[in-house]
Amino acid sequence: MVALATAFKPAATGASLEVKDVSHAFDIDGNVLPVLDNVSISVAPGEFVALLGPSGCGKSTLLRLVAGLEPPRAGALEEDGVAITGPYPSRVVVFQDPTLFPWRTVWDNVALGLEAQGVLKTQRHRVDAAIDLVGLGAFKKAYPHQLSGGMAQRVALARALVNDPRILVLDEPLGKLDSLTRITMQAELVSLWQRNGFTALLVTHDVEEALFLANRVIVFSDRPARVTADITVDRPYPRHRGDPHLAELRRQILGLLGLDATW
Amino acid sequence: MPTYSASEIASLGGDRETALIAGDGGLHFVNKLRFSITGIGAGLAWLAFGLSCMRWPDIGDWPRTEAVAYTAFAIAGGIAIATTAQAALGKFGDGVQRRAPWLFALGAFLTLWELATAKFGWLPLPFFPPPQSIVEVYTDDLPKLLDSAFASVKLQLGGYFIGAAVGFLTGVSIGWSRLAGYWVHPILRFIGPLPATAWLPIAFFTFPSAWSASTFLIALATGFPVTVLTWSGVASVSTAYYDVARTLGAKPSFLVTKVAIPAALPHVFVGLFMGLGASFAVLVVAEMIGVKAGLGFYLQWAQGWASYNNMYAALIVMSLLCSGAITLLFKVRDRLLVWQKGVVKW
Ligand SMILES: Nc1ncnc2c1ncn2[C@@H]1O[C@H](COP(=O)(O)OP(=O)(O)O)[C@@H](O)[C@H]1O
Ligand SMILES: [Mg+2]
């Protein structure tokens, strides 16, 4: 793994991200559905921030705005002080579904970004390095339908990492995996983040996952999403799941999400 | 050298010693001989066909009866040998063995046909020609038949490729661009469902030659299903694929060529398949009515002479060509769509 780490050298370190008074809504059959309500978040370069909130509150929508796939109805988003006006490969998203292209092999899927940017010819070694990094070196020629869910999600991660993103946006990337694969991939995410230095924005519905991975946990209200808490997780990595401090934070966050009575 | 199980050695019985003396190679070969009931049955059916040709005199004048009989004997022997030595013949032996029930049915059918036509006239004659009279067409009228087949293939290929290419490009444009959809969709709805053959009378008058008119009609028949299915394929591509590609830095041209088109390809092949069927129909009708060449013309010409054996012979060639074209299309599809699981095998 050490050798791989040096082969896969990040070109840039993390960028800062500013979400300034962003509000967003969707029109559904003539009705306006407010989804984000004056959300402001400031993420420092290289920080790992987790977003927690009830399902359907607008987390994925916020990530789409960060990615530049849609413009916000109000407010502004900035990467390193520059307004986000459209998608750009410095901000790569790992979606909840791996959404691999079924007609491409693993290698060709990971090569997608470099190919789209027109630099694949000179950068082929980066594709191999990224695939090795997620431990799928033996599956370069496999097609997505031949992969398990966990492997497909790793390919999606490699497809994002090969672009050396300055901000890695993760939308419940481990949500559908079995708990064992999940735990391994959480540890891998931490080491990737520490090694590559990108800024990470992770949406998850799993409080433990947020506490295991992030420097900060931001809690949203029900739709339309507002920031209800911004909690700093001041513990060194690698973290331990039994850490009493994390357990205390977990209790506190579950309370914010309205689950205190049962737990 | 393989190791032999007790039962294999026992099955050799009395021959065991001679086989051992014959040496390694001999034992190897003898051990691979197995009589197969279906294989022997198929051989007997073809033998019966040959004998039925020889046993009774023909009720008409067919010079190829004897040649057909000897060919049938040869085939009977070939089947018997191939199925018995199946294990030694590898792939070929396996193929014959797998088809043995069909070969049996074919031999039995030919025997019945021979008896019902050439020998006892149970079926009325010019309409049901005996096998030897169809074989006679292939031996005596081959140049004309080949010319016709070649003309048909040429006409079909030209029209089909033009129709497929135009249909594909039209389908991609209307699936991708709202403006193209706005202008092309109504035309497509108005003209597309019209059977291409309905244009025949007009096309033959307005085009400079019957050949160009037929090419146009074949292209039309191919183009409509290809357009509609390519269009629906492009329109049904999940937006998630576009989102992924866009966040990775893809430009619109990349989205069309590397996302929309490959994702739509399974639909496109359904269109190409449907277009092939539709264009065969147009081809034959066009050849019968206007083009003075091709298998359709040959059929028409043979009908003028009430020469039914020629018609059957041409039909068989036509069926082989059409089936071959579809096989080829499916081969290309399997090549391009290896990434799909569970595609239908033709
Ligand atoms: N493109 C869209 N059009 C209309 N409504 C949408 C769209 N995308 C999301 N929504 C709605 O916005 C709300 C928030 O969705 P989302 O951001 O996906 O929530 P989550 O926090 O679970 O990720 C949901 O009620 C969803 O139905
Ligand atoms: Mg979501």
# chains A, B, ... in the order shown; residues from 1 in each chain; ligands from 1
>>> select_by_dssp(residues="stretch 100-132 of chain A", states="alpha helix (DSSP H)", output="VMD selection string")
chain A and resid 106 to 110 112 to 116 124 to 132
>>> write_last_selection(atoms="C-alpha atoms", output="PDB file, in the first residue's frame")
ATOM      1  CA  VAL A 106     -13.939  -1.455 -14.938  1.00  0.00           C
ATOM      2  CA  TRP A 107     -10.841   0.081 -16.482  1.00  0.00           C
ATOM      3  CA  ASP A 108     -12.834   2.107 -19.000  1.00  0.00           C
ATOM      4  CA  ASN A 109     -15.228   3.263 -16.293  1.00  0.00           C
ATOM      5  CA  VAL A 110     -12.378   4.550 -14.160  1.00  0.00           C
ATOM      6  CA  LEU A 112     -14.045   8.102 -17.926  1.00  0.00           C
ATOM      7  CA  GLY A 113     -12.997  11.423 -16.412  1.00  0.00           C
ATOM      8  CA  LEU A 114      -9.549  11.508 -18.015  1.00  0.00           C
ATOM      9  CA  GLU A 115     -11.107  10.560 -21.351  1.00  0.00           C
ATOM     10  CA  ALA A 116     -13.761  13.263 -21.078  1.00  0.00           C
ATOM     11  CA  ARG A 124      -3.149   5.917 -18.563  1.00  0.00           C
ATOM     12  CA  HIS A 125      -0.974   4.960 -15.580  1.00  0.00           C
ATOM     13  CA  ARG A 126      -3.235   7.007 -13.323  1.00  0.00           C
ATOM     14  CA  VAL A 127      -6.165   4.748 -14.181  1.00  0.00           C
ATOM     15  CA  ASP A 128      -4.182   1.654 -13.237  1.00  0.00           C
ATOM     16  CA  ALA A 129      -2.988   3.293 -10.026  1.00  0.00           C
ATOM     17  CA  ALA A 130      -6.528   4.273  -9.026  1.00  0.00           C
ATOM     18  CA  ILE A 131      -7.851   0.758  -9.653  1.00  0.00           C
ATOM     19  CA  ASP A 132      -5.020  -0.758  -7.637  1.00  0.00           C
TER      20      ASP A 132
END
>>> residues_around(residues="A:Glu79", least_positions_apart="4", cutoff="12 Å", atoms="only C-alpha atoms", output="ChimeraX atom specification")
/A:14-20,42-45,65-68,83-88,90-91,165-167,199
>>> write_last_selection(atoms="N, CA and C atoms", output="PDB file, in the first residue's frame")
ATOM      1  N   GLY A  14      -6.674  19.926  -0.860  1.00  0.00           N
ATOM      2  CA  GLY A  14      -8.076  20.301  -0.799  1.00  0.00           C
ATOM      3  C   GLY A  14      -8.356  21.776  -1.014  1.00  0.00           C
ATOM      4  N   ALA A  15      -9.541  22.054  -1.539  1.00  0.00           N
ATOM      5  CA  ALA A  15      -9.983  23.433  -1.716  1.00  0.00           C
ATOM      6  C   ALA A  15     -10.974  23.769  -0.596  1.00  0.00           C
ATOM      7  N   SER A  16     -11.169  25.066  -0.377  1.00  0.00           N
ATOM      8  CA  SER A  16     -12.190  25.453   0.585  1.00  0.00           C
ATOM      9  C   SER A  16     -13.536  25.512  -0.127  1.00  0.00           C
ATOM     10  N   LEU A  17     -14.600  25.362   0.658  1.00  0.00           N
ATOM     11  CA  LEU A  17     -15.938  25.390   0.070  1.00  0.00           C
ATOM     12  C   LEU A  17     -16.819  26.305   0.911  1.00  0.00           C
ATOM     13  N   GLU A  18     -17.484  27.215   0.232  1.00  0.00           N
ATOM     14  CA  GLU A  18     -18.408  28.135   0.913  1.00  0.00           C
ATOM     15  C   GLU A  18     -19.815  27.931   0.375  1.00  0.00           C
ATOM     16  N   VAL A  19     -20.744  27.653   1.266  1.00  0.00           N
ATOM     17  CA  VAL A  19     -22.157  27.625   0.891  1.00  0.00           C
ATOM     18  C   VAL A  19     -22.779  28.821   1.601  1.00  0.00           C
ATOM     19  N   LYS A  20     -23.223  29.826   0.816  1.00  0.00           N
ATOM     20  CA  LYS A  20     -23.641  31.095   1.426  1.00  0.00           C
ATOM     21  C   LYS A  20     -25.130  31.328   1.244  1.00  0.00           C
ATOM     22  N   SER A  42     -19.381  26.501   5.881  1.00  0.00           N
ATOM     23  CA  SER A  42     -18.043  26.888   5.455  1.00  0.00           C
ATOM     24  C   SER A  42     -17.102  25.722   5.739  1.00  0.00           C
ATOM     25  N   VAL A  43     -16.464  25.211   4.704  1.00  0.00           N
ATOM     26  CA  VAL A  43     -15.582  24.057   4.866  1.00  0.00           C
ATOM     27  C   VAL A  43     -14.158  24.489   4.541  1.00  0.00           C
ATOM     28  N   ALA A  44     -13.239  24.228   5.498  1.00  0.00           N
ATOM     29  CA  ALA A  44     -11.838  24.619   5.291  1.00  0.00           C
ATOM     30  C   ALA A  44     -11.146  23.629   4.361  1.00  0.00           C
ATOM     31  N   PRO A  45     -10.057  24.047   3.698  1.00  0.00           N
ATOM     32  CA  PRO A  45      -9.325  23.121   2.825  1.00  0.00           C
ATOM     33  C   PRO A  45      -8.897  21.875   3.593  1.00  0.00           C
ATOM     34  N   LEU A  65     -25.975  20.903  -5.924  1.00  0.00           N
ATOM     35  CA  LEU A  65     -25.619  22.309  -6.076  1.00  0.00           C
ATOM     36  C   LEU A  65     -24.102  22.496  -5.948  1.00  0.00           C
ATOM     37  N   VAL A  66     -23.495  21.777  -4.970  1.00  0.00           N
ATOM     38  CA  VAL A  66     -22.042  21.862  -4.799  1.00  0.00           C
ATOM     39  C   VAL A  66     -21.338  21.357  -6.058  1.00  0.00           C
ATOM     40  N   ALA A  67     -21.879  20.278  -6.631  1.00  0.00           N
ATOM     41  CA  ALA A  67     -21.266  19.724  -7.840  1.00  0.00           C
ATOM     42  C   ALA A  67     -21.429  20.664  -9.032  1.00  0.00           C
ATOM     43  N   GLY A  68     -22.403  21.563  -8.947  1.00  0.00           N
ATOM     44  CA  GLY A  68     -22.651  22.476 -10.060  1.00  0.00           C
ATOM     45  C   GLY A  68     -23.599  21.898 -11.084  1.00  0.00           C
ATOM     46  N   ALA A  83     -16.858  31.491  -7.692  1.00  0.00           N
ATOM     47  CA  ALA A  83     -18.246  31.038  -7.755  1.00  0.00           C
ATOM     48  C   ALA A  83     -18.363  29.737  -8.552  1.00  0.00           C
ATOM     49  N   ILE A  84     -19.209  28.828  -8.048  1.00  0.00           N
ATOM     50  CA  ILE A  84     -19.472  27.563  -8.750  1.00  0.00           C
ATOM     51  C   ILE A  84     -20.614  27.804  -9.729  1.00  0.00           C
ATOM     52  N   THR A  85     -20.333  27.675 -11.033  1.00  0.00           N
ATOM     53  CA  THR A  85     -21.372  27.935 -12.032  1.00  0.00           C
ATOM     54  C   THR A  85     -21.740  26.698 -12.830  1.00  0.00           C
ATOM     55  N   GLY A  86     -20.954  25.632 -12.711  1.00  0.00           N
ATOM     56  CA  GLY A  86     -21.265  24.423 -13.465  1.00  0.00           C
ATOM     57  C   GLY A  86     -20.393  23.295 -12.965  1.00  0.00           C
ATOM     58  N   PRO A  87     -20.619  22.088 -13.472  1.00  0.00           N
ATOM     59  CA  PRO A  87     -19.785  20.981 -13.015  1.00  0.00           C
ATOM     60  C   PRO A  87     -18.334  21.158 -13.453  1.00  0.00           C
ATOM     61  N   TYR A  88     -17.420  20.732 -12.639  1.00  0.00           N
ATOM     62  CA  TYR A  88     -16.012  20.804 -12.987  1.00  0.00           C
ATOM     63  C   TYR A  88     -15.301  19.654 -12.288  1.00  0.00           C
ATOM     64  N   SER A  90     -12.753  19.232 -10.673  1.00  0.00           N
ATOM     65  CA  SER A  90     -12.092  19.399  -9.372  1.00  0.00           C
ATOM     66  C   SER A  90     -13.056  19.053  -8.239  1.00  0.00           C
ATOM     67  N   ARG A  91     -14.372  19.010  -8.580  1.00  0.00           N
ATOM     68  CA  ARG A  91     -15.381  18.603  -7.591  1.00  0.00           C
ATOM     69  C   ARG A  91     -16.055  17.359  -8.118  1.00  0.00           C
ATOM     70  N   PRO A 165      -9.537  14.960  -7.313  1.00  0.00           N
ATOM     71  CA  PRO A 165     -10.458  16.044  -6.990  1.00  0.00           C
ATOM     72  C   PRO A 165      -9.941  16.862  -5.811  1.00  0.00           C
ATOM     73  N   ARG A 166     -10.251  18.132  -5.816  1.00  0.00           N
ATOM     74  CA  ARG A 166      -9.884  18.962  -4.679  1.00  0.00           C
ATOM     75  C   ARG A 166     -10.998  18.907  -3.639  1.00  0.00           C
ATOM     76  N   ILE A 167     -12.209  18.649  -4.108  1.00  0.00           N
ATOM     77  CA  ILE A 167     -13.318  18.416  -3.191  1.00  0.00           C
ATOM     78  C   ILE A 167     -13.979  17.110  -3.609  1.00  0.00           C
ATOM     79  N   THR A 199     -10.578  17.839   0.239  1.00  0.00           N
ATOM     80  CA  THR A 199     -11.670  18.220   1.122  1.00  0.00           C
ATOM     81  C   THR A 199     -12.798  17.230   0.883  1.00  0.00           C
TER      82      THR A 199
END
>>> residues_near_ligand(ligand="ligand 1", cutoff="10 Å", atoms="only C-alpha atoms and all ligand atoms", output="PyMOL selection string")
chain A and resi 24-29+32-36+51-64+70+96+171-172+203-205+220-225
>>> interface_residues(of="chain B", to="chain A", cutoff="7 Å", atoms="only C-alpha atoms", output="ChimeraX atom specification")
/B:240-241,246-250,254,262,339
>>> residues_around(residues="stretch 209-218 of chain A", least_positions_apart="4", cutoff="6 Å", atoms="only C-alpha atoms", output="NGL selection string")
:A and (48-51 or 229-233)
>>> residues_around(residues="B:Thr239", least_positions_apart="4", cutoff="12 Å", atoms="only C-alpha atoms", output="number ranges by chain")
A: 69, 99; B: 234-235, 243-246, 255, 259-260, 263
>>> write_last_selection(atoms="N, CA, C and O atoms", output="PDB file, in the first residue's frame")
ATOM      1  N   LEU A  69     -24.283  20.817 -10.731  1.00  0.00           N
ATOM      2  CA  LEU A  69     -25.233  20.214 -11.666  1.00  0.00           C
ATOM      3  C   LEU A  69     -26.495  21.056 -11.806  1.00  0.00           C
ATOM      4  O   LEU A  69     -27.210  20.959 -12.799  1.00  0.00           O
ATOM      5  N   THR A  99     -23.725   3.895 -10.289  1.00  0.00           N
ATOM      6  CA  THR A  99     -23.928   4.369 -11.670  1.00  0.00           C
ATOM      7  C   THR A  99     -22.703   4.166 -12.550  1.00  0.00           C
ATOM      8  O   THR A  99     -22.254   5.094 -13.211  1.00  0.00           O
TER       9      THR A  99
ATOM     10  N   VAL B 234     -32.291   6.610 -27.002  1.00  0.00           N
ATOM     11  CA  VAL B 234     -31.579   7.801 -26.538  1.00  0.00           C
ATOM     12  C   VAL B 234     -32.413   8.539 -25.488  1.00  0.00           C
ATOM     13  O   VAL B 234     -31.890   9.013 -24.475  1.00  0.00           O
ATOM     14  N   ALA B 235     -33.730   8.587 -25.725  1.00  0.00           N
ATOM     15  CA  ALA B 235     -34.582   9.330 -24.799  1.00  0.00           C
ATOM     16  C   ALA B 235     -34.675   8.641 -23.438  1.00  0.00           C
ATOM     17  O   ALA B 235     -34.938   9.296 -22.431  1.00  0.00           O
ATOM     18  N   ASP B 243     -25.270  12.943 -15.431  1.00  0.00           N
ATOM     19  CA  ASP B 243     -24.739  13.651 -14.258  1.00  0.00           C
ATOM     20  C   ASP B 243     -23.318  13.206 -13.958  1.00  0.00           C
ATOM     21  O   ASP B 243     -22.431  14.025 -13.724  1.00  0.00           O
ATOM     22  N   VAL B 244     -23.120  11.870 -13.962  1.00  0.00           N
ATOM     23  CA  VAL B 244     -21.782  11.343 -13.678  1.00  0.00           C
ATOM     24  C   VAL B 244     -20.786  11.905 -14.687  1.00  0.00           C
ATOM     25  O   VAL B 244     -19.736  12.440 -14.320  1.00  0.00           O
ATOM     26  N   ALA B 245     -21.133  11.805 -15.968  1.00  0.00           N
ATOM     27  CA  ALA B 245     -20.191  12.242 -17.002  1.00  0.00           C
ATOM     28  C   ALA B 245     -19.926  13.741 -16.888  1.00  0.00           C
ATOM     29  O   ALA B 245     -18.786  14.189 -17.035  1.00  0.00           O
ATOM     30  N   ARG B 246     -20.955  14.512 -16.594  1.00  0.00           N
ATOM     31  CA  ARG B 246     -20.764  15.966 -16.512  1.00  0.00           C
ATOM     32  C   ARG B 246     -19.866  16.349 -15.344  1.00  0.00           C
ATOM     33  O   ARG B 246     -19.000  17.216 -15.478  1.00  0.00           O
ATOM     34  N   LEU B 255     -21.090  13.533 -24.304  1.00  0.00           N
ATOM     35  CA  LEU B 255     -22.346  12.974 -23.781  1.00  0.00           C
ATOM     36  C   LEU B 255     -23.115  12.243 -24.878  1.00  0.00           C
ATOM     37  O   LEU B 255     -23.730  11.205 -24.622  1.00  0.00           O
ATOM     38  N   VAL B 259     -22.037   8.488 -24.125  1.00  0.00           N
ATOM     39  CA  VAL B 259     -23.047   8.127 -23.129  1.00  0.00           C
ATOM     40  C   VAL B 259     -24.355   7.741 -23.829  1.00  0.00           C
ATOM     41  O   VAL B 259     -24.814   6.605 -23.728  1.00  0.00           O
ATOM     42  N   ALA B 260     -24.939   8.694 -24.573  1.00  0.00           N
ATOM     43  CA  ALA B 260     -26.259   8.440 -25.155  1.00  0.00           C
ATOM     44  C   ALA B 260     -26.240   7.270 -26.133  1.00  0.00           C
ATOM     45  O   ALA B 260     -27.070   6.361 -26.038  1.00  0.00           O
ATOM     46  N   ALA B 263     -25.494   3.738 -24.592  1.00  0.00           N
ATOM     47  CA  ALA B 263     -26.606   3.322 -23.738  1.00  0.00           C
ATOM     48  C   ALA B 263     -27.815   2.939 -24.584  1.00  0.00           C
ATOM     49  O   ALA B 263     -28.613   2.092 -24.185  1.00  0.00           O
TER      50      ALA B 263
END
>>> closest_residue(among="A:Gly46, A:Gly150, A:Gly81, A:Pro173", to="ligand 2", atoms="only C-alpha atoms and all ligand atoms")
A:Pro173
>>> atom_distance(atom1="atom CA of A:Ala138", atom2="atom CA of A:Ser179")
23.6 Å
>>> residues_around(residues="A:Ala247", least_positions_apart="3", cutoff="12 Å", atoms="only C-alpha atoms", output="PDB file with N, CA and C atoms, in the first residue's frame")
ATOM      1  N   VAL A 207     -25.098   7.727  11.908  1.00  0.00           N
ATOM      2  CA  VAL A 207     -24.430   8.642  12.839  1.00  0.00           C
ATOM      3  C   VAL A 207     -23.028   8.139  13.183  1.00  0.00           C
ATOM      4  N   GLU A 208     -22.895   6.822  13.388  1.00  0.00           N
ATOM      5  CA  GLU A 208     -21.579   6.270  13.735  1.00  0.00           C
ATOM      6  C   GLU A 208     -20.573   6.508  12.625  1.00  0.00           C
ATOM      7  N   GLU A 209     -21.058   6.322  11.387  1.00  0.00           N
ATOM      8  CA  GLU A 209     -20.177   6.531  10.240  1.00  0.00           C
ATOM      9  C   GLU A 209     -19.682   7.970  10.215  1.00  0.00           C
ATOM     10  N   LEU A 211     -19.377  10.003  12.703  1.00  0.00           N
ATOM     11  CA  LEU A 211     -18.444  10.262  13.810  1.00  0.00           C
ATOM     12  C   LEU A 211     -17.108   9.558  13.594  1.00  0.00           C
ATOM     13  N   PHE A 212     -17.122   8.441  12.903  1.00  0.00           N
ATOM     14  CA  PHE A 212     -15.897   7.700  12.653  1.00  0.00           C
ATOM     15  C   PHE A 212     -15.017   8.417  11.630  1.00  0.00           C
ATOM     16  N   VAL A 233     -15.831  17.191  15.829  1.00  0.00           N
ATOM     17  CA  VAL A 233     -15.435  15.898  16.389  1.00  0.00           C
ATOM     18  C   VAL A 233     -13.922  15.955  16.570  1.00  0.00           C
ATOM     19  N   ARG A 239      -9.770   6.363  14.462  1.00  0.00           N
ATOM     20  CA  ARG A 239     -10.669   6.414  15.616  1.00  0.00           C
ATOM     21  C   ARG A 239     -11.129   5.028  15.997  1.00  0.00           C
ATOM     22  N   HIS A 240     -11.615   4.923  17.214  1.00  0.00           N
ATOM     23  CA  HIS A 240     -12.104   3.627  17.688  1.00  0.00           C
ATOM     24  C   HIS A 240     -13.592   3.719  17.927  1.00  0.00           C
ATOM     25  N   ARG A 241     -14.278   2.708  17.485  1.00  0.00           N
ATOM     26  CA  ARG A 241     -15.734   2.750  17.555  1.00  0.00           C
ATOM     27  C   ARG A 241     -16.237   2.765  18.993  1.00  0.00           C
ATOM     28  N   GLY A 242     -15.424   2.258  19.922  1.00  0.00           N
ATOM     29  CA  GLY A 242     -15.868   2.215  21.316  1.00  0.00           C
ATOM     30  C   GLY A 242     -15.519   3.473  22.106  1.00  0.00           C
ATOM     31  N   ASP A 243     -14.902   4.442  21.472  1.00  0.00           N
ATOM     32  CA  ASP A 243     -14.479   5.681  22.129  1.00  0.00           C
ATOM     33  C   ASP A 243     -15.649   6.329  22.891  1.00  0.00           C
ATOM     34  N   PRO A 244     -15.522   6.499  24.214  1.00  0.00           N
ATOM     35  CA  PRO A 244     -16.646   7.039  24.992  1.00  0.00           C
ATOM     36  C   PRO A 244     -17.026   8.464  24.568  1.00  0.00           C
ATOM     37  N   ARG A 250     -22.646  10.769  19.866  1.00  0.00           N
ATOM     38  CA  ARG A 250     -23.666  10.014  19.151  1.00  0.00           C
ATOM     39  C   ARG A 250     -25.022  10.208  19.826  1.00  0.00           C
ATOM     40  N   ARG A 251     -25.016  10.130  21.153  1.00  0.00           N
ATOM     41  CA  ARG A 251     -26.245  10.312  21.911  1.00  0.00           C
ATOM     42  C   ARG A 251     -26.822  11.700  21.665  1.00  0.00           C
ATOM     43  N   GLN A 252     -25.907  12.652  21.654  1.00  0.00           N
ATOM     44  CA  GLN A 252     -26.305  14.058  21.473  1.00  0.00           C
ATOM     45  C   GLN A 252     -26.926  14.269  20.084  1.00  0.00           C
ATOM     46  N   ILE A 253     -26.297  13.685  19.054  1.00  0.00           N
ATOM     47  CA  ILE A 253     -26.784  13.871  17.684  1.00  0.00           C
ATOM     48  C   ILE A 253     -28.116  13.150  17.471  1.00  0.00           C
ATOM     49  N   LEU A 254     -28.225  11.941  18.029  1.00  0.00           N
ATOM     50  CA  LEU A 254     -29.493  11.222  17.903  1.00  0.00           C
ATOM     51  C   LEU A 254     -30.613  12.033  18.540  1.00  0.00           C
ATOM     52  N   TRP A 263     -33.100   5.520  22.399  1.00  0.00           N
ATOM     53  CA  TRP A 263     -31.702   5.095  22.533  1.00  0.00           C
ATOM     54  C   TRP A 263     -31.124   5.634  23.811  1.00  0.00           C
TER      55      TRP A 263
END
>>> residues_around(residues="B:Trp102", least_positions_apart="3", cutoff="12 Å", atoms="only C-alpha atoms", output="number ranges by chain")
B: 38-39, 41-43, 45-46, 79, 95-99, 105-109
>>> write_last_selection(atoms="C-alpha atoms", output="JSON list (two decimals), in the first residue's frame")
[["chain", "number", "residue", "atom", "x", "y", "z"],
["B", 38, "THR", "CA", -30.01, -41.47, -32.81],
["B", 39, "GLY", "CA", -27.00, -41.48, -35.12],
["B", 41, "GLY", "CA", -31.46, -43.93, -36.84],
["B", 42, "ALA", "CA", -30.55, -40.81, -38.79],
["B", 43, "GLY", "CA", -28.27, -42.85, -41.04],
["B", 45, "ALA", "CA", -33.53, -42.57, -42.54],
["B", 46, "TRP", "CA", -31.18, -41.24, -45.21],
["B", 79, "ILE", "CA", -23.81, -39.65, -40.38],
["B", 95, "GLY", "CA", -22.18, -31.23, -33.95],
["B", 96, "VAL", "CA", -23.45, -34.17, -35.99],
["B", 97, "GLN", "CA", -24.47, -36.06, -32.86],
["B", 98, "ARG", "CA", -26.40, -33.07, -31.54],
["B", 99, "ARG", "CA", -28.22, -32.70, -34.84],
["B", 105, "ALA", "CA", -36.53, -36.20, -39.23],
["B", 106, "LEU", "CA", -35.13, -34.70, -42.42],
["B", 107, "GLY", "CA", -34.32, -38.10, -43.91],
["B", 108, "ALA", "CA", -37.77, -39.43, -43.03],
["B", 109, "PHE", "CA", -39.42, -36.36, -44.51]]
>>> residues_around(residues="B:Ala116", least_positions_apart="4", cutoff="12 Å", atoms="only C-alpha atoms", output="ChimeraX atom specification")
/B:52-53,56,58-59,109-112,120-125,128-131
>>> select_by_dssp(residues="stretch 104-184 of chain A", states="strand (DSSP E)", output="list in words")
Ile167, Leu168, Val169, Leu170 and Asp171 of chain A
>>> closest_residue(among="A:Leu192, A:Ile41, A:Asn31, A:Leu170", to="ligand 2", atoms="only C-alpha atoms and all ligand atoms")
A:Leu170
